[in-house]
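Colleague: Please find one structure pasted underneath; my questions will follow.
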Amino acid sequence: MLDVNAESPLPTPAAAAPTAVSRLAVPAGLLAAVAGAFAYVGTVDPNRPGHYPVCPLYRFTGIYCPGCGGLRSAYSFIHGDLPAALQDNALAVAGYLGFAVLWTVWVVRAARGRPLRLDLGPVHLWTLGTLVLVFSVVRNLPFGGWLHP
């Protein structure tokens with residue numbers, strides 16, 4: 001006779017492979033957030049006082065941080081004025097373009113079912129940090145006036 005209460009292992013279904021839609025959900029969500037932020041900056045002009053807070057480092061010391069002029073740069077970039085965007089914050093424009101390239105690579109890899117791997121070693125991170133530091137120092141020196149926002 002067959003024991004009804006006997007424990008028998010239930011077959012477990014294999015883990016379902018994620019679909020293309022689920023693989024693209026996170027990149028799409030990030031794009032929506034960035035597009036929303038850029039849309040807000042594109043409609044609320046940072047060149048008019050009172051809309052955004054002043055950079056605290058600049059306010060209290062008169063020193064331009066690496067992000068000073070970033071909102072004005074984004075505003076000009078959105079409106080297609082690349083020279084003004086570069087004048088306001090050239091490093092930010094490079095960041096916008098770098099983000100676009102990285103996001104595109106991420107989407108292509110996600111659509112193909114491959115993960116995005118960023119293997120940034122110490123050399124890459126030190127180079128990036130040095131670039132930001134040099135940009136910050138040069139824009140605050142007398143001969144770096146062309147980098148002021």
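Numbering starts fresh at 1 for the residues of each chain in the structure tokens, the chains themselves are lettered A, B, ... in the order given, and ligands are numbered from 1 as they appear.
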According to DSSP computed on the backbone, where in chain A is there helix (DSSP H, G or I)? Give the residues as a VMD selection string.
Modeller: chain A and resid 20 to 23 25 to 43 56 to 61 70 to 78 82 to 111 122 to 140 142 to 147
Colleague: Looking at only C-alpha atoms, which of A:Val132, A:Cys68, A:Val123, A:Val44 is the one that sits closest to Gln87 in chain A?
Modeller: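 Checking each of A:Val132, A:Cys68, A:Val123, A:Val44 against Gln87 in chain A, counting only C-alpha atoms, the winner is A:Cys68.
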Colleague: Nearest to Gly69 in chain A: which of A:Asn89, A:Thr19, A:Thr43, A:Thr127 is it, counting only C-alpha atoms?
Modeller: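 Looking at the shortest contact to Gly69 in chain A, the residue is A:Asn89.
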Colleague: Determine, counting only C-alpha atoms, which protein, DNA and RNA residues have an atom within 12 Å of an atom of Ala25 in chain A; residues of the same chain fewer than 6 positions away are not included. Present the result as a list in words.
Modeller: Pro18, Thr19, Leu31, Ala32, Trp106, Val107, Ala110 and Ala111 of chain A
Colleague: Using only C-alpha atoms, determine which residues lie at most 9 Å from Ala85 in chain A, disregarding the query and same-chain residues fewer than 3 positions distant; provide the list as a VMD selection string.
Modeller: chain A and resid 69 to 70 72 to 78 80 to 82 88 to 90 92 to 93
Colleague: What does the file look like for those residues with all heavy atoms, as a tab-separated table (two decimals), in the first residue's frame?
Modeller:
```tsv
chain	number	residue	atom	x	y	z
A	69	GLY	N	28.30	75.53	-11.74
A	69	GLY	CA	27.89	75.77	-13.11
A	69	GLY	C	27.27	74.56	-13.77
A	69	GLY	O	26.89	74.62	-14.93
A	70	GLY	N	27.14	73.46	-13.03
A	70	GLY	CA	26.59	72.24	-13.61
A	70	GLY	C	25.14	72.37	-14.03
A	70	GLY	O	24.74	71.86	-15.09
A	72	ARG	N	23.57	75.24	-14.83
A	72	ARG	CA	23.55	76.13	-16.00
A	72	ARG	C	24.05	75.39	-17.24
A	72	ARG	O	23.55	75.58	-18.34
A	72	ARG	CB	24.39	77.38	-15.73
A	72	ARG	CG	23.75	78.30	-14.71
A	72	ARG	CD	24.51	79.61	-14.61
A	72	ARG	NE	25.86	79.43	-14.08
A	72	ARG	CZ	26.16	79.44	-12.79
A	72	ARG	NH1	25.20	79.59	-11.91
A	72	ARG	NH2	27.40	79.29	-12.39
A	73	SER	N	25.04	74.52	-17.04
A	73	SER	CA	25.56	73.72	-18.15
A	73	SER	C	24.48	72.77	-18.68
A	73	SER	O	24.31	72.63	-19.89
A	73	SER	CB	26.78	72.94	-17.68
A	73	SER	OG	27.24	72.08	-18.69
A	74	ALA	N	23.77	72.13	-17.76
A	74	ALA	CA	22.69	71.22	-18.17
A	74	ALA	C	21.59	71.99	-18.91
A	74	ALA	O	21.06	71.51	-19.92
A	74	ALA	CB	22.12	70.50	-16.96
A	75	TYR	N	21.26	73.17	-18.42
A	75	TYR	CA	20.23	73.99	-19.07
A	75	TYR	C	20.65	74.34	-20.50
A	75	TYR	O	19.87	74.19	-21.43
A	75	TYR	CB	20.00	75.26	-18.25
A	75	TYR	CG	18.95	76.17	-18.81
A	75	TYR	CD1	17.60	75.94	-18.57
A	75	TYR	CD2	19.29	77.27	-19.60
A	75	TYR	CE1	16.62	76.77	-19.09
A	75	TYR	CE2	18.34	78.10	-20.12
A	75	TYR	CZ	17.00	77.85	-19.87
A	75	TYR	OH	16.04	78.68	-20.38
A	76	SER	N	21.89	74.78	-20.66
A	76	SER	CA	22.38	75.13	-22.00
A	76	SER	C	22.47	73.89	-22.89
A	76	SER	O	22.14	73.95	-24.08
A	76	SER	CB	23.76	75.79	-21.90
A	76	SER	OG	23.67	76.99	-21.17
A	77	PHE	N	22.90	72.78	-22.33
A	77	PHE	CA	23.02	71.53	-23.07
A	77	PHE	C	21.65	71.08	-23.59
A	77	PHE	O	21.52	70.68	-24.75
A	77	PHE	CB	23.63	70.46	-22.17
A	77	PHE	CG	24.03	69.20	-22.87
A	77	PHE	CD1	25.21	69.12	-23.59
A	77	PHE	CD2	23.22	68.07	-22.81
A	77	PHE	CE1	25.59	67.96	-24.22
A	77	PHE	CE2	23.58	66.90	-23.45
A	77	PHE	CZ	24.77	66.84	-24.15
A	78	ILE	N	20.64	71.16	-22.74
A	78	ILE	CA	19.28	70.76	-23.13
A	78	ILE	C	18.76	71.64	-24.25
A	78	ILE	O	18.09	71.18	-25.16
A	78	ILE	CB	18.34	70.82	-21.92
A	78	ILE	CG1	18.70	69.73	-20.92
A	78	ILE	CG2	16.89	70.69	-22.32
A	78	ILE	CD1	18.08	69.92	-19.57
A	80	GLY	N	20.49	73.03	-26.51
A	80	GLY	CA	21.31	72.91	-27.70
A	80	GLY	C	22.42	73.94	-27.83
A	80	GLY	O	22.99	74.08	-28.90
A	81	ASP	N	22.73	74.66	-26.76
A	81	ASP	CA	23.79	75.66	-26.80
A	81	ASP	C	25.06	75.05	-26.22
A	81	ASP	O	25.41	75.27	-25.06
A	81	ASP	CB	23.35	76.90	-26.01
A	81	ASP	CG	24.28	78.08	-26.20
A	81	ASP	OD1	25.27	77.95	-26.95
A	81	ASP	OD2	23.99	79.14	-25.61
A	82	LEU	N	25.77	74.28	-27.03
A	82	LEU	CA	26.96	73.55	-26.57
A	82	LEU	C	28.09	74.48	-26.13
A	82	LEU	O	28.72	74.22	-25.10
A	82	LEU	CB	27.43	72.56	-27.63
A	82	LEU	CG	28.51	71.59	-27.19
A	82	LEU	CD1	28.03	70.74	-26.01
A	82	LEU	CD2	28.92	70.70	-28.34
A	88	ASP	N	30.02	76.94	-19.04
A	88	ASP	CA	29.50	76.84	-17.67
A	88	ASP	C	30.18	75.73	-16.88
A	88	ASP	O	30.51	75.93	-15.72
A	88	ASP	CB	27.98	76.63	-17.69
A	88	ASP	CG	27.23	77.88	-18.12
A	88	ASP	OD1	27.73	78.99	-17.86
A	88	ASP	OD2	26.16	77.74	-18.72
A	89	ASN	N	30.36	74.57	-17.48
A	89	ASN	CA	31.06	73.48	-16.79
A	89	ASN	C	31.41	72.40	-17.82
A	89	ASN	O	30.60	71.52	-18.13
A	89	ASN	CB	30.21	72.88	-15.67
A	89	ASN	CG	31.01	71.99	-14.76
A	89	ASN	OD1	31.91	71.29	-15.19
A	89	ASN	ND2	30.67	72.00	-13.48
A	90	ALA	N	32.63	72.47	-18.32
A	90	ALA	CA	33.09	71.53	-19.35
A	90	ALA	C	33.14	70.10	-18.81
A	90	ALA	O	32.84	69.14	-19.53
A	90	ALA	CB	34.45	71.95	-19.87
A	92	ALA	N	31.16	68.78	-16.61
A	92	ALA	CA	29.79	68.26	-16.57
A	92	ALA	C	29.36	67.78	-17.96
A	92	ALA	O	28.71	66.74	-18.08
A	92	ALA	CB	28.83	69.32	-16.04
A	93	VAL	N	29.70	68.53	-19.00
A	93	VAL	CA	29.34	68.12	-20.36
A	93	VAL	C	30.00	66.79	-20.69
A	93	VAL	O	29.38	65.90	-21.26
A	93	VAL	CB	29.72	69.21	-21.39
A	93	VAL	CG1	29.50	68.72	-22.81
A	93	VAL	CG2	28.90	70.47	-21.14
```
Colleague: Which polymer residues have any atom within 8 Å of an atom of Arg112 in chain A, counting only C-alpha atoms, with same-chain residues fewer than 3 positions away left out, as a PyMOL selection string?
Modeller: chain A and resi 20+108-109
Colleague: Could you dump the residues just selected with all heavy atoms as a PDB file, in the first residue's frame?
Modeller:
```pdb
ATOM      1  N   ALA A  20      13.575  39.980 -21.764  1.00  0.00           N
ATOM      2  CA  ALA A  20      14.232  41.211 -22.203  1.00  0.00           C
ATOM      3  C   ALA A  20      13.623  42.421 -21.509  1.00  0.00           C
ATOM      4  O   ALA A  20      14.325  43.360 -21.148  1.00  0.00           O
ATOM      5  CB  ALA A  20      14.135  41.351 -23.721  1.00  0.00           C
ATOM      6  N   VAL A 108      22.465  47.768 -24.446  1.00  0.00           N
ATOM      7  CA  VAL A 108      22.784  46.755 -25.457  1.00  0.00           C
ATOM      8  C   VAL A 108      23.150  45.436 -24.782  1.00  0.00           C
ATOM      9  O   VAL A 108      22.691  44.365 -25.181  1.00  0.00           O
ATOM     10  CB  VAL A 108      23.914  47.252 -26.391  1.00  0.00           C
ATOM     11  CG1 VAL A 108      24.456  46.137 -27.249  1.00  0.00           C
ATOM     12  CG2 VAL A 108      23.412  48.404 -27.238  1.00  0.00           C
ATOM     13  N   ARG A 109      23.983  45.517 -23.743  1.00  0.00           N
ATOM     14  CA  ARG A 109      24.377  44.286 -23.038  1.00  0.00           C
ATOM     15  C   ARG A 109      23.180  43.643 -22.336  1.00  0.00           C
ATOM     16  O   ARG A 109      23.043  42.424 -22.331  1.00  0.00           O
ATOM     17  CB  ARG A 109      25.507  44.566 -22.068  1.00  0.00           C
ATOM     18  CG  ARG A 109      26.812  44.885 -22.791  1.00  0.00           C
ATOM     19  CD  ARG A 109      27.979  45.001 -21.864  1.00  0.00           C
ATOM     20  NE  ARG A 109      28.301  43.766 -21.171  1.00  0.00           N
ATOM     21  CZ  ARG A 109      29.050  42.784 -21.657  1.00  0.00           C
ATOM     22  NH1 ARG A 109      29.540  42.882 -22.875  1.00  0.00           N
ATOM     23  NH2 ARG A 109      29.311  41.720 -20.950  1.00  0.00           N
TER      24      ARG A 109
END
```
Colleague: Quick one: distance from CA of Leu118 in chain A to CA of Leu131 in chain A in Å, one decimal?
Modeller: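 Those two atoms sit 19.1 Å apart.
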Colleague: Using Å and a single decimal, report how far CA of Tyr64 in chain A sits from CA of Arg139 in chain A.
Modeller: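 Result for CA of Arg139 in chain A versus CA of Tyr64 in chain A: 7.1 Å, one decimal.
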Colleague: Neighbours of Leu57 in chain A within 12 Å (only C-alpha atoms; same-chain residues fewer than 4 positions away dropped), as a count of residues only?
Modeller: 9
Colleague: Report, in Å to a single decimal, how far apart CA of Ser22 in chain A and CA of Leu97 in chain A are.
Modeller: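 Straight-line distance from CA of Leu97 in chain A to CA of Ser22 in chain A works out to 25.8 Å.
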